[in-house]
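First comes the structure, then the notes that go with it.
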Amino acid sequence: METTSNLTHGNEYMGLPILPEPEHGNRIDILEAIRIKMNDMTARHCKVFASLIGLNLPDGTDDVPHDRHVEAFMEAFGGHLESRGIDHTGLWVQEQGDKAGRDHFHALLMMDGNKTRSFYGDHRDTAIRLWASILGVPQGDGLVHLCKWAEATDPRYPSVRNGGVMMIRNSPDFAEAYAMLFKRCSYMAKSQGKDPLSPDGSAPLI
């Protein structure tokens, strides 16, 4: 694996597949944060359901303190899960500039798979409502996007369903599901669009 300071330009990290960024590299600190969170959650629960969502900003919010908003969303969505007795963890990253030039966020949400097995319905509706409320904008303007999985319609990948990935510790496809989720999450680690690293390669953790 080719590494430069806090960047890797390879197609694996710690033996796990990642989406390679041969030109700009992937941030090792973010990859490691994802791996630690996944390991912790799968150690705590025999079933873990994970979803990836995108949180966009509406026009006219260039001067908004974005970090404060996404932190408020993660706290509020965590409260939604706790009210239903669902243990959870997650992390997020900010990315600079979408197709319209606006910043946006990617968030990984992992939940106790014994108590939830889908992001559709209550979880999705709550995410849309909370993000709109935090931004102070009307609902229904497409600011929350649930990551779509091409494997969801393929019977060879039963772990990919209902808007996310179910990792079952004692299942024969646990390693495959884990690797599949980590690879998709590695998109969050691409250095392009992130704040520049300091000269020593350090960066604030998410």
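So you can find residues: chains in the structure tokens are A, B, ... in the order shown, residues in each start at 1, and ligands are numbered from 1 in order.
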So that I can check the surroundings of range 159-161 of chain A, please list as an MDAnalysis selection string every protein, DNA and RNA residue that reaches within 10 Å of it, counting only C-alpha atoms and ignoring chain neighbours fewer than 6 positions away.
chainID A and resid 49:50 117:119 148:153 167:168 171 173:174 176:178 180:181
Just want the 8 Å neighbourhood of range 34-37 of chain A, counted on only C-alpha atoms, with same-chain residues fewer than 2 positions away dropped. Output as a PyMOL selection string.
chain A and resi 30-32+39-41+89-91+182+185
Nearest-residue call for Arg184 in chain A, choices A:Ala132, A:Leu19, A:Met110, A:Ile53, using only C-alpha atoms
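Closest to Arg184 in chain A of all the choices is A:Leu19.
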Which neighbours of Leu16 in chain A fall inside 8 Å, counting only C-alpha atoms, when residues of the same chain fewer than 4 positions from it are skipped, and could you give them as a ChimeraX atom specification?
/A:12,179,182-183
So that I can check the surroundings of Leu130 in chain A, please list as a VMD selection string every protein, DNA and RNA residue that reaches within 10 Å of it, counting only C-alpha atoms and ignoring chain neighbours fewer than 3 positions away.
chain A and resid 72 to 74 76 to 77 80 124 to 127 133 to 136 139 144
Of the listed residues A:Glu82, A:Val93, A:Asp122, A:Ser191, that which approaches His66 in chain A most closely, counting only C-alpha atoms
A:Val93
DSSP strand (DSSP E or B) residues within range 53-126 of chain A, listed as a list in words:
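Written out, the strand (DSSP E or B) residues of range 53-126 of chain A are Ile53, Gly54, Leu55, Asn56, His88, Thr89, Gly90, Leu91, Trp92, Val93, Gln94, Glu95, His104, Phe105, His106, Ala107, Leu108, Leu109, Met110, Met111 and Asp112 of chain A.
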Of the listed residues A:Leu81, A:Met111, A:Met14, A:Ile28, that which approaches Arg44 in chain A most closely, counting only C-alpha atoms:
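So, comparing all the options, the nearest one is A:Met111.
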For each of A:His106, A:His88, A:Lys190, A:Arg156, take the minimum atom-to-atom distance to Lys47 in chain A, counting only C-alpha atoms, then give the residue where this is smallest.
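Once distances to Lys47 in chain A are computed over only C-alpha atoms, the minimum belongs to A:His88.
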Ranking A:Met38, A:Ile86, A:Cys147, A:Leu55 by minimum distance to Thr116 in chain A and counting only C-alpha atoms, which one comes first?
A:Ile86
